[in-house]
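Contents: one structure, followed by commentary.
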Amino acid sequence: MAPLFDWWAKDSHRGTPVVVKMENPNWSMVELEGPSEEDFLITDSPSRLGRDKSRNKNAKQLTWVLLLKAHKAAGCLTSIATAMVTLGSAIKRRIHSGRTDIETTDIDRENENPTVKTRFYIFIKIFLWLSVLLLGFEVAAYFKGWHFGAPHLQLQYLLAMPFGFQDIFDSLYSRWVLFRVEYLAPPLQFLANACIVLFLVQSIDRLVLCVGCFWIRFKNIKPIPKQDAVADLESGENGFFPMVLVQIPMCNEKEVYQQSIAAVCNLDWPKSKILIQILDDSDDPITQLLIKEEVNKWQQEGAHILYRHRVIRDGYKAGNLKSAMNCSYVKDYEFVAIFDADFQPTPDFLKRTVPHFKGNEELGLVQARWSFVNKDENLLTRLQNINLAFHFEVEQQVNGIFINFFGFNGTAGVWRIKALEDSGGWLERTTVEDMDIAVRAHLHGWKFIFLNDVECQCELPESYEAYRKQQHRWHSGPMQLFRLCLPAIIRSKISIWKKFNMVFLFFLLRKLILPFYSFTLFCIILPMTMFIPEAELPAWVVCYIPATMSFLNILPAPKSFPFIVPYLLFENTMSVTKFNAMISGLFQLGSAYEWVVTKKSGRSSEGDLVSLAKKETKHQRGSSEPNLEELKEEIMQQDQKDKKKKKHNRIYMKELALAFLLLTASARSLLSAQGIHFYFLLFQGISFLLVGLDLIGEQVQ
């Protein structure tokens, strides 16, 4: 033993003093002096005194290690206790406030039918109460001796059992078992098998996309502009600098307008070759005044920038862009770059995108990738970052490289104006005007390029309410567009393969089938199989394939790997909103035409703050002073209005009802000893509970 301890003493401990500090405020600061070198020196003395000394030293070492472990465990327990107390108080506040998503604002009442809005929730609520009733029935049967493991029920024994030996409960339960075996299990198993097939098809599609992305990385494939275009840019103002129109559509976004205007005014492009349009659809007079003043400041700095405000605000963003493109001076411009109000392009954005158009007359769109200034703000933004990283790194890049088509992301892209005009321009018929124009341009033969190495900073929604509304629009709009575009796709002159890709892969598989099977399989069929155990879902469907797909999804954002389990659970939780939106868009229900501007927080990167600070010092010289008294009065009036409409967290009833449904099903799964199903239902139910209580995103104090 002595040589072993000698080696451990030499390599693991050098006798350096160790300071242990408890960071938790509930514990005092403790300093412990680590063992010295003498404590680890164990001699091979034959005397008994040496052996006793060795044992004493070993005992001291063990005590020291145990003490460290005890302090660490106590700190962890205290942190967990503090977190649980904080969570409990948040839940208490949420329930005490009583605010739910059933409550609507005046704008919501105008835009949607309350009957349509609550129909889906009523269906889930009925399903929940039915499951609770069945759980009570099954528990009573379990204690009466009906111990069956799915799906091995001794039906012959049930049929042979004489009625006279059964009490009323046994008679009812035996008839219930026979009824579900004969009438409920077969259609449920059929539906489950159909969803499993869709699940496998979608998983194969995702796997193929990942293989394509791996091939692109392995071969280092990326769009490269022609050398003469790059050389022309480097030759100065006499080079390739076509006329570029820059548009920033915005609506009541006073948190971010300064950042975006400053970013586009700093674009490195000859001023005589660029025009910036600030397309303000704000109905708030204070926001209008602030944006107009910001535009005036940049005009005095020499920027070629205009302010436009529509009196008739029809068609949301599409109507705003359409109105701007009807200006007479637009005919002098060849390209148009579009940025949403929270986007901050780098100064070289145009120099890295526009050269791709030179010598490529079939190119209609160059799309850049998004990056996020607040991706680490909370758990919700981290999970969104995983999703969008996969969307850009895998979906957009693979489709751009191999088929030259993908959905326009609505911002951070440069269009050839001729392609917009050839495709019919902006239309207000759906809430996804960006996807609409991309589909029509592809049907007219225009090609797209995605630049994965050109990034444009923006914000992610930090509250679940904002994210939920955004996802509703993003998933209802494609179904509206599919209904409208299907005849045009069939009649178009593009190849059969491109028609198949657009109809089956682009629309049906990724926009319709994905939310359908996610909600139906994991939120409806799986809980039902607990109460109808004759219908089965294999463990590989519940656990292994979803885990594999989540692993593939998280590869483009490797730093988010610790969040793989929350990501898997959250994606299934969001399937409720996506399924509801998909049904609304497909059947043209009232909520399909909702357009709510995503709330912004106005976060900037450090570089943006420095740039804005420099510009602010310049603007203080010679800039026109607004009417301060009038502005102060309007701001005070606005503050009074804001006090009446405070920002708050809500309770989301559909998610909460599904949480209790899944937790009820997890309790039922214990009776059938279905281990992996129990854990999945338990954690998925907890995920729905946290989302239903609005504990995942921004917390309003």
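FYI, nothing fancy with the structure tokens labels: chains A, B, ... in order, residues from 1 per chain, ligands from 1 as they appear.
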Strand (DSSP E or B) per DSSP on the backbone: members of region 235-390 of chain A, as an NGL selection string: :A and (244-250 or 274-280 or 305-309 or 335-338 or 344 or 363-372)
Shell around region 121-128 of chain A at 8 Å using only C-alpha atoms, local window under 6 positions removed, as a list in words: Met653, Lys654, Ala657, Leu658, Phe660 and Leu661 of chain A
Mind dumping the selected residues with C-alpha atoms as a PDB file, in the first residue's frame?
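What follows is the written file part01.pdb:
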```pdb
ATOM      1  CA  MET A 653     -54.790  27.074 -20.155  1.00  0.00           C
ATOM      2  CA  LYS A 654     -54.194  24.651 -23.042  1.00  0.00           C
ATOM      3  CA  ALA A 657     -54.655  21.181 -19.203  1.00  0.00           C
ATOM      4  CA  LEU A 658     -52.248  19.020 -21.207  1.00  0.00           C
ATOM      5  CA  PHE A 660     -52.415  17.456 -15.996  1.00  0.00           C
ATOM      6  CA  LEU A 661     -53.458  15.065 -18.769  1.00  0.00           C
TER       7      LEU A 661
END
```
Each residue of region 464-548 of chain A lying at most 8 Å from region 670-686 of chain A should get a row with its shortest atom-to-atom pair and the distance in Å to one decimal, counting only C-alpha atoms; could you produce that, ordered by chain and increasing number, as CSV?
```
residue,atom,partner,partner_atom,distance
A:Pro527,CA,A:Leu681,CA,7.7
A:Ala539,CA,A:Ile676,CA,6.9
A:Val542,CA,A:His677,CA,7.1
A:Cys543,CA,A:Ile676,CA,7.6
```
10 Å contact set for region 418-427 of chain A, only C-alpha atoms, chain neighbours under 4 positions out, as a PyMOL selection string: chain A and resi 315+317-323+325+331+333-336+361-365+431-434+436-447
Residue with smallest distance to Arg510 (chain A) - pool A:Met250, A:Val201, A:Ala341, A:Ile221, counting only C-alpha atoms: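 Of A:Met250, A:Val201, A:Ala341, A:Ile221, the one nearest Arg510 (chain A), counting only C-alpha atoms, is A:Val201.
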Selection near region 513-524 of chain A, 8 Å with only C-alpha atoms, sequence-local residues under 5 positions removed, as a list in words: Ala192, Cys195, Ile196, Leu198, Phe199, Gln202, Leu508, Val542, Asn572, Ser575, Val576, Lys578, Phe579, Met582, Leu658 and Leu662 of chain A
Among the residues A:Phe551, A:Phe482, A:Phe339, A:Phe179, the one that comes closest to Tyr257 (chain A) [using only C-alpha atoms]: A:Phe339
